[in-house]
$ cat run30.csv   # CSV, C-alpha atoms
chain,number,residue,atom,x,y,z
A,1,MET,CA,-35.4,4.1,-31.4
A,2,ALA,CA,-32.3,1.9,-31.7
A,3,LEU,CA,-30.1,4.9,-30.8
A,4,GLU,CA,-32.2,5.6,-27.7
A,5,SER,CA,-31.9,2.0,-26.7
A,6,GLY,CA,-28.1,2.2,-27.2
A,7,MET,CA,-27.9,5.4,-25.1
A,8,LYS,CA,-29.9,3.7,-22.4
A,9,CYS,CA,-27.4,0.8,-22.4
A,10,VAL,CA,-24.5,3.3,-22.1
A,11,LYS,CA,-26.2,5.1,-19.2
A,12,PHE,CA,-26.6,1.7,-17.4
A,13,LEU,CA,-23.0,0.8,-18.1
A,14,VAL,CA,-21.7,4.2,-16.8
A,15,PHE,CA,-23.8,3.7,-13.6
A,16,PHE,CA,-22.6,0.1,-13.2
A,17,PHE,CA,-18.9,1.1,-13.7
A,18,ASN,CA,-19.3,3.8,-11.1
A,19,PHE,CA,-20.6,1.4,-8.6
A,20,LEU,CA,-17.5,-0.7,-9.3
A,21,PHE,CA,-15.3,2.3,-8.8
A,22,TRP,CA,-17.1,3.0,-5.5
A,23,VAL,CA,-16.3,-0.6,-4.3
A,24,CYS,CA,-12.7,-0.2,-5.6
A,25,GLY,CA,-12.4,3.0,-3.6
A,26,ILE,CA,-13.5,1.3,-0.4
A,27,ALA,CA,-11.1,-1.6,-1.2
A,28,LEU,CA,-8.2,0.7,-1.7
A,29,VAL,CA,-8.8,2.5,1.5
A,30,GLY,CA,-9.0,-0.8,3.3
A,31,LEU,CA,-5.8,-2.0,1.7
A,32,GLY,CA,-4.0,1.2,2.5
A,33,ILE,CA,-5.0,1.0,6.2
A,34,TYR,CA,-3.9,-2.6,6.3
A,35,VAL,CA,-0.4,-1.7,4.9
A,36,GLN,CA,-0.1,1.2,7.3
A,37,VAL,CA,-1.1,-1.0,10.3
A,38,MET,CA,1.4,-3.7,9.2
A,39,LEU,CA,4.2,-1.0,9.0
A,40,ASN,CA,3.2,0.5,12.4
A,41,LYS,CA,3.3,-3.0,14.0
A,42,SER,CA,6.8,-3.5,12.6
A,43,LEU,CA,8.3,0.0,12.9
A,44,THR,CA,7.4,3.2,14.8
A,45,MET,CA,7.5,5.4,11.7
A,46,HIS,CA,9.3,8.7,11.9
A,47,ASN,CA,10.0,9.0,8.1
A,48,LEU,CA,7.0,9.8,5.9
A,49,SER,CA,8.6,8.3,2.9
A,50,ALA,CA,8.6,4.9,4.5
A,51,SER,CA,4.8,5.0,5.0
A,52,GLY,CA,4.3,7.0,1.8
A,53,PRO,CA,2.9,4.0,-0.3
A,54,ALA,CA,0.1,3.4,2.3
A,55,ILE,CA,-0.8,7.1,2.4
A,56,VAL,CA,-1.0,7.2,-1.5
A,57,ILE,CA,-3.2,4.1,-1.6
A,58,ILE,CA,-5.6,5.6,1.0
A,59,ALA,CA,-5.7,8.9,-0.8
A,60,VAL,CA,-6.4,7.4,-4.2
A,61,GLY,CA,-9.1,5.2,-2.6
A,62,VAL,CA,-10.8,8.3,-1.1
A,63,VAL,CA,-10.6,10.2,-4.3
A,64,ILE,CA,-12.0,7.4,-6.4
A,65,PHE,CA,-14.8,7.0,-3.8
A,66,PHE,CA,-15.9,10.6,-4.2
A,67,ILE,CA,-15.4,10.7,-8.0
A,68,SER,CA,-17.8,7.8,-8.4
A,69,PHE,CA,-20.5,10.1,-6.9
A,70,PHE,CA,-20.3,12.4,-9.9
A,71,GLY,CA,-20.5,9.5,-12.3
A,72,CYS,CA,-23.4,7.8,-10.6
A,73,CYS,CA,-25.4,11.0,-10.3
A,74,GLY,CA,-24.5,12.2,-13.7
A,75,ALA,CA,-25.5,9.0,-15.4
A,76,TRP,CA,-28.8,8.8,-13.4
A,77,LYS,CA,-29.8,12.5,-14.0
A,78,GLU,CA,-28.2,12.7,-17.4
A,79,SER,CA,-26.2,15.7,-16.3
A,80,TYR,CA,-23.6,16.6,-19.0
A,81,CYS,CA,-21.7,18.7,-16.4
A,82,MET,CA,-21.4,15.9,-13.8
A,83,VAL,CA,-20.6,13.2,-16.4
A,84,THR,CA,-17.9,15.5,-17.8
A,85,THR,CA,-16.5,16.2,-14.4
A,86,PHE,CA,-16.4,12.4,-13.7
A,87,ALA,CA,-14.6,11.7,-17.0
A,88,VAL,CA,-12.0,14.5,-16.5
A,89,LEU,CA,-11.3,13.5,-12.8
A,90,LEU,CA,-11.1,9.8,-13.7
A,91,THR,CA,-8.6,10.6,-16.5
A,92,LEU,CA,-6.5,12.5,-14.1
A,93,ILE,CA,-6.6,9.7,-11.6
A,94,PHE,CA,-5.6,7.2,-14.3
A,95,LEU,CA,-2.6,9.5,-15.2
A,96,VAL,CA,-1.6,9.8,-11.6
A,97,GLU,CA,-1.6,6.1,-11.1
A,98,ILE,CA,0.6,5.7,-14.2
A,99,ALA,CA,3.0,8.3,-12.8
A,100,ALA,CA,3.0,6.7,-9.4
A,101,ALA,CA,3.8,3.3,-10.9
A,102,ILE,CA,6.7,4.7,-12.8
A,103,ALA,CA,7.9,6.7,-9.7
A,104,GLY,CA,7.7,3.5,-7.6
A,105,TYR,CA,9.8,1.6,-10.0
A,106,VAL,CA,12.4,4.4,-10.4
A,107,PHE,CA,12.7,5.1,-6.7
A,108,LYS,CA,12.5,1.5,-5.4
A,109,ASP,CA,16.1,1.6,-4.3
A,110,LYS,CA,15.3,4.8,-2.3
A,111,VAL,CA,12.5,3.0,-0.6
A,112,ARG,CA,14.8,0.2,0.4
A,113,LYS,CA,17.4,2.7,1.7
A,114,THR,CA,14.6,4.4,3.8
A,115,LEU,CA,13.6,1.1,5.3
A,116,GLU,CA,17.2,0.3,6.1
A,117,ASP,CA,17.8,3.7,7.8
A,118,GLU,CA,14.5,3.3,9.8
A,119,LEU,CA,15.6,-0.2,11.0
A,120,TRP,CA,19.0,1.1,12.1
A,121,ARG,CA,17.4,4.1,13.9
A,122,GLU,CA,15.0,1.7,15.8
A,123,MET,CA,17.9,-0.6,16.8
A,124,ARG,CA,20.0,2.4,18.1
A,125,ASN,CA,17.0,3.4,20.3
A,126,TYR,CA,16.2,-0.1,21.4
A,127,THR,CA,17.4,0.3,24.9
A,128,ASN,CA,16.2,3.9,25.4
A,129,ASP,CA,12.6,3.7,24.2
A,130,LYS,CA,10.0,1.1,25.4
A,131,LEU,CA,7.8,1.6,22.3
A,132,VAL,CA,10.7,1.2,20.0
A,133,LYS,CA,11.8,-2.0,21.9
A,134,GLU,CA,8.3,-3.4,21.5
A,135,ALA,CA,8.2,-2.6,17.8
A,136,VAL,CA,11.6,-4.1,17.1
A,137,ASP,CA,10.7,-7.2,19.1
A,138,GLU,CA,7.4,-7.6,17.2
A,139,LEU,CA,9.2,-7.2,13.9
A,140,GLN,CA,11.9,-9.8,14.7
A,141,LYS,CA,9.4,-12.3,16.0
A,142,GLN,CA,7.0,-11.8,13.1
A,143,TYR,CA,9.6,-12.0,10.3
A,144,MET,CA,11.8,-14.5,12.2
A,145,CYS,CA,14.8,-12.2,11.6
A,146,CYS,CA,17.5,-10.5,13.6
A,147,GLY,CA,19.1,-7.1,13.0
A,148,ALA,CA,18.9,-5.0,9.8
A,149,ASN,CA,21.2,-7.0,7.4
A,150,ASN,CA,22.0,-9.9,9.7
A,151,TYR,CA,22.3,-10.7,13.5
A,152,THR,CA,25.9,-9.3,13.7
A,153,ASP,CA,24.4,-5.8,13.4
A,154,TRP,CA,23.6,-5.9,17.1
A,155,GLU,CA,27.3,-6.1,17.8
A,156,THR,CA,27.5,-2.4,17.0
A,157,ILE,CA,24.7,-1.3,19.3
A,158,PRO,CA,25.5,-0.1,22.8
A,159,GLY,CA,24.2,-2.5,25.5
A,160,PHE,CA,24.7,-5.5,23.2
A,161,LYS,CA,28.2,-5.3,21.9
A,162,GLU,CA,29.7,-5.2,25.4
A,163,ASN,CA,28.0,-8.5,26.4
A,164,GLN,CA,28.0,-10.1,22.9
A,165,THR,CA,24.3,-10.6,23.0
A,166,VAL,CA,21.2,-9.9,20.9
A,167,PRO,CA,17.6,-9.3,21.9
A,168,LEU,CA,15.6,-12.3,23.1
A,169,SER,CA,13.2,-11.7,20.2
A,170,CYS,CA,16.0,-13.0,17.9
A,171,CYS,CA,15.8,-16.4,19.5
A,172,ARG,CA,14.4,-19.4,17.7
A,173,THR,CA,11.3,-20.8,19.2
A,174,ASN,CA,13.0,-24.1,20.2
A,175,ALA,CA,16.1,-22.4,21.6
A,176,THR,CA,17.2,-22.4,25.2
A,177,ALA,CA,16.4,-19.6,27.7
A,178,LYS,CA,19.9,-18.1,27.4
A,179,CYS,CA,19.9,-18.3,23.6
A,180,ASN,CA,20.7,-14.6,23.1
A,181,GLY,CA,24.1,-14.9,24.9
A,182,ARG,CA,27.0,-15.6,22.5
A,183,PRO,CA,24.4,-16.3,19.7
A,184,THR,CA,24.9,-19.0,17.0
A,185,PRO,CA,22.9,-19.9,14.0
A,186,ASP,CA,21.5,-22.8,16.0
A,187,THR,CA,20.0,-20.6,18.7
A,188,ILE,CA,18.9,-17.4,16.9
A,189,TYR,CA,17.6,-16.2,13.5
A,190,THR,CA,20.6,-15.0,11.5
A,191,GLU,CA,18.9,-13.4,8.5
A,192,GLY,CA,18.4,-9.6,8.7
A,193,CYS,CA,14.9,-8.1,8.8
A,194,LEU,CA,15.5,-5.9,5.8
A,195,LYS,CA,15.8,-9.0,3.5
A,196,THR,CA,12.8,-10.8,5.0
A,197,MET,CA,10.6,-7.6,4.8
A,198,GLU,CA,11.6,-7.2,1.1
A,199,ALA,CA,10.7,-10.8,0.4
A,200,TRP,CA,7.3,-10.2,2.1
A,201,MET,CA,6.7,-7.1,-0.1
A,202,LYS,CA,7.8,-8.8,-3.3
A,203,LYS,CA,5.4,-11.7,-2.5
A,204,HIS,CA,2.5,-9.4,-2.1
A,205,ILE,CA,3.4,-6.8,-4.8
A,206,VAL,CA,2.0,-9.2,-7.4
A,207,VAL,CA,-1.4,-9.1,-5.9
A,208,VAL,CA,-1.3,-5.3,-5.6
A,209,ALA,CA,-0.1,-5.0,-9.2
A,210,ALA,CA,-2.9,-7.3,-10.4
A,211,VAL,CA,-5.5,-5.2,-8.5
A,212,ALA,CA,-4.0,-2.0,-9.9
A,213,LEU,CA,-4.2,-3.3,-13.5
A,214,GLY,CA,-7.8,-4.4,-13.0
A,215,ILE,CA,-8.8,-1.0,-11.7
A,216,ALA,CA,-6.9,0.7,-14.5
A,217,PHE,CA,-8.8,-1.4,-17.1
A,218,PHE,CA,-12.1,-0.5,-15.5
A,219,GLU,CA,-11.1,3.2,-15.5
A,220,ILE,CA,-10.4,3.1,-19.2
A,221,LEU,CA,-13.8,1.5,-19.9
A,222,GLY,CA,-15.5,4.0,-17.6
A,223,ILE,CA,-13.8,7.0,-19.4
A,224,ALA,CA,-14.9,5.6,-22.8
A,225,PHE,CA,-18.5,5.0,-21.7
A,226,ALA,CA,-18.7,8.4,-20.0
A,227,CYS,CA,-17.5,10.1,-23.2
A,228,CYS,CA,-20.2,8.2,-25.2
A,229,LEU,CA,-22.9,9.3,-22.7
A,230,MET,CA,-21.6,12.9,-22.9
A,231,LYS,CA,-21.9,12.8,-26.6
A,232,GLY,CA,-25.4,11.5,-26.5
A,233,ILE,CA,-26.5,14.1,-23.9
A,234,ARG,CA,-24.9,16.9,-25.8
A,235,SER,CA,-26.6,15.8,-29.0
A,236,GLY,CA,-30.0,16.1,-27.3
A,237,TYR,CA,-31.0,12.5,-27.3
A,238,GLU,CA,-33.4,11.4,-24.6
A,239,VAL,CA,-31.9,8.7,-22.4
A,240,MET,CA,-34.5,6.9,-20.5

$ encode --input "run30.csv" --output "structure tokens"
Amino acid sequence: MALESGMKCVKFLVFFFNFLFWVCGIALVGLGIYVQVMLNKSLTMHNLSASGPAIVIIAVGVVIFFISFFGCCGAWKESYCMVTTFAVLLTLIFLVEIAAAIAGYVFKDKVRKTLEDELWREMRNYTNDKLVKEAVDELQKQYMCCGANNYTDWETIPGFKENQTVPLSCCRTNATAKCNGRPTPDTIYTEGCLKTMEAWMKKHIVVVAAVALGIAFFEILGIAFACCLMKGIRSGYEVM
């Protein structure tokens, strides 16, 4: 009787954790979409590696959303096959997350280089493409920055180096109307957008890391409870 009561508790826990996974899946999809929207508002992306993190977050969220289906149904119907599928898929997701975290740390410099290359590409096309111009202006206004590394980067861009100017979006809010002509630190933002974007990402990476650790913890518990339920079902105990 005590064993049946214990299995009933495990069944409830597996169902509960799968509900949490379902919520986490939706949260990850939302987070991924938010990151992608922020990138698209800042840059007109042509390099998939620059928007790769957002795509990975959305993909993991979608996978977790569907995996939770197997866990919920398996726990509710006491299906050994479905619970096993859930445990195996959840283990694979956990391993992929570990690998992604390691890869993100190893290739962090490559991500920085990709962002820098994208910023320079946008700047070189500033005067030729209206959408690019709008994206760069939005980026510089949002992050209160100018150029990739600093405002002098615009001195190398055709259309600006001849006139010794920078885009109006580099101007400080309290600057004069002609602030972009012969710019000085008093009239324009001098810090480059790459540095300010990195600062923004570092500020928010702590939240992302905390969420990821929380999800990983629940995944380990979910795998453990699923294995317990699998053992009970396989042994032929009635879980009611």

$ residues_around --input "run30.csv" --residues "segment 90-97 of chain A" --least-positions-apart "5" --cutoff "10 Å" --atoms "only C-alpha atoms" --output "PyMOL selection string"
chain A and resi 21+56-57+60+63-64+67-68+71+84-85+102-103+212+215-217+219-220+222-223+226

$ atom_distance --input "run30.csv" --atom1 "atom CA of Asn18 of chain A" --atom2 "atom CA of Phe69 of chain A"
7.7 Å

$ atom_distance --input "run30.csv" --atom1 "atom CA of Lys202 of chain A" --atom2 "atom CA of Trp120 of chain A"
21.5 Å

$ atom_distance --input "run30.csv" --atom1 "atom CA of Tyr126 of chain A" --atom2 "atom CA of Gly32 of chain A"
27.7 Å

$ closest_atom_pairs --input "run30.csv" --of "segment 85-136 of chain A" --to "segment 144-156 of chain A" --cutoff "8 Å" --atoms "all atoms listed in the file" --output "Markdown table"
| residue | atom | partner | partner_atom | distance |
| --- | --- | --- | --- | --- |
| A:Glu116 | CA | A:Ala148 | CA | 6.7 |
| A:Leu119 | CA | A:Ala148 | CA | 5.9 |
| A:Trp120 | CA | A:Ala148 | CA | 6.5 |
| A:Met123 | CA | A:Gly147 | CA | 7.6 |

$ residues_around --input "run30.csv" --residues "Lys133 of chain A" --least-positions-apart "3" --cutoff "10 Å" --atoms "all atoms listed in the file" --output "count of residues only"
16

$ closest_residue --input "run30.csv" --among "A:Ile33, A:Phe19, A:Ile98, A:Glu78" --to "Lys231 of chain A" --atoms "all atoms listed in the file"
A:Glu78

$ residues_near_point --input "run30.csv" --point "(28.9, -8.1, 24.0)" --cutoff "12 Å" --atoms "only C-alpha atoms" --output "list in words"
Thr152, Asp153, Trp154, Glu155, Thr156, Ile157, Pro158, Gly159, Phe160, Lys161, Glu162, Asn163, Gln164, Thr165, Val166, Pro167, Asn180, Gly181, Arg182 and Pro183 of chain A

$ write_last_selection --input "run30.csv" --atoms "C-alpha atoms" --output "short mmCIF file (atom, residue, chain, number, x, y, z; two decimals), in the coordinates of the input"
data_model
loop_
_atom_site.label_atom_id
_atom_site.label_comp_id
_atom_site.auth_asym_id
_atom_site.auth_seq_id
_atom_site.Cartn_x
_atom_site.Cartn_y
_atom_site.Cartn_z
CA THR A 152 25.90 -9.30 13.70
CA ASP A 153 24.40 -5.80 13.40
CA TRP A 154 23.60 -5.90 17.10
CA GLU A 155 27.30 -6.10 17.80
CA THR A 156 27.50 -2.40 17.00
CA ILE A 157 24.70 -1.30 19.30
CA PRO A 158 25.50 -0.10 22.80
CA GLY A 159 24.20 -2.50 25.50
CA PHE A 160 24.70 -5.50 23.20
CA LYS A 161 28.20 -5.30 21.90
CA GLU A 162 29.70 -5.20 25.40
CA ASN A 163 28.00 -8.50 26.40
CA GLN A 164 28.00 -10.10 22.90
CA THR A 165 24.30 -10.60 23.00
CA VAL A 166 21.20 -9.90 20.90
CA PRO A 167 17.60 -9.30 21.90
CA ASN A 180 20.70 -14.60 23.10
CA GLY A 181 24.10 -14.90 24.90
CA ARG A 182 27.00 -15.60 22.50
CA PRO A 183 24.40 -16.30 19.70
#

$ residues_around --input "run30.csv" --residues "segment 26-29 of chain A" --least-positions-apart "6" --cutoff "7 Å" --atoms "all atoms listed in the file" --output "list in words"
Ile57, Ile58, Gly61, Val62 and Phe65 of chain A

$ closest_residue --input "run30.csv" --among "A:Cys179, A:Thr196, A:Cys81, A:Gly25" --to "Leu229 of chain A" --atoms "all atoms listed in the file"
A:Cys81

$ closest_residue --input "run30.csv" --among "A:Val83, A:Ala99, A:Cys24, A:Met201" --to "Arg234 of chain A" --atoms "all atoms listed in the file"
A:Val83

$ residues_around --input "run30.csv" --residues "Met82 of chain A" --least-positions-apart "5" --cutoff "10 Å" --atoms "only C-alpha atoms" --output "list in words"
Ile67, Phe69, Phe70, Gly71, Cys72, Cys73, Gly74, Ala75, Lys77, Ala87, Val88 and Met230 of chain A

$ closest_residue --input "run30.csv" --among "A:Arg124, A:Arg112, A:Lys141, A:Arg172" --to "Ala199 of chain A" --atoms "all atoms listed in the file"
A:Arg112
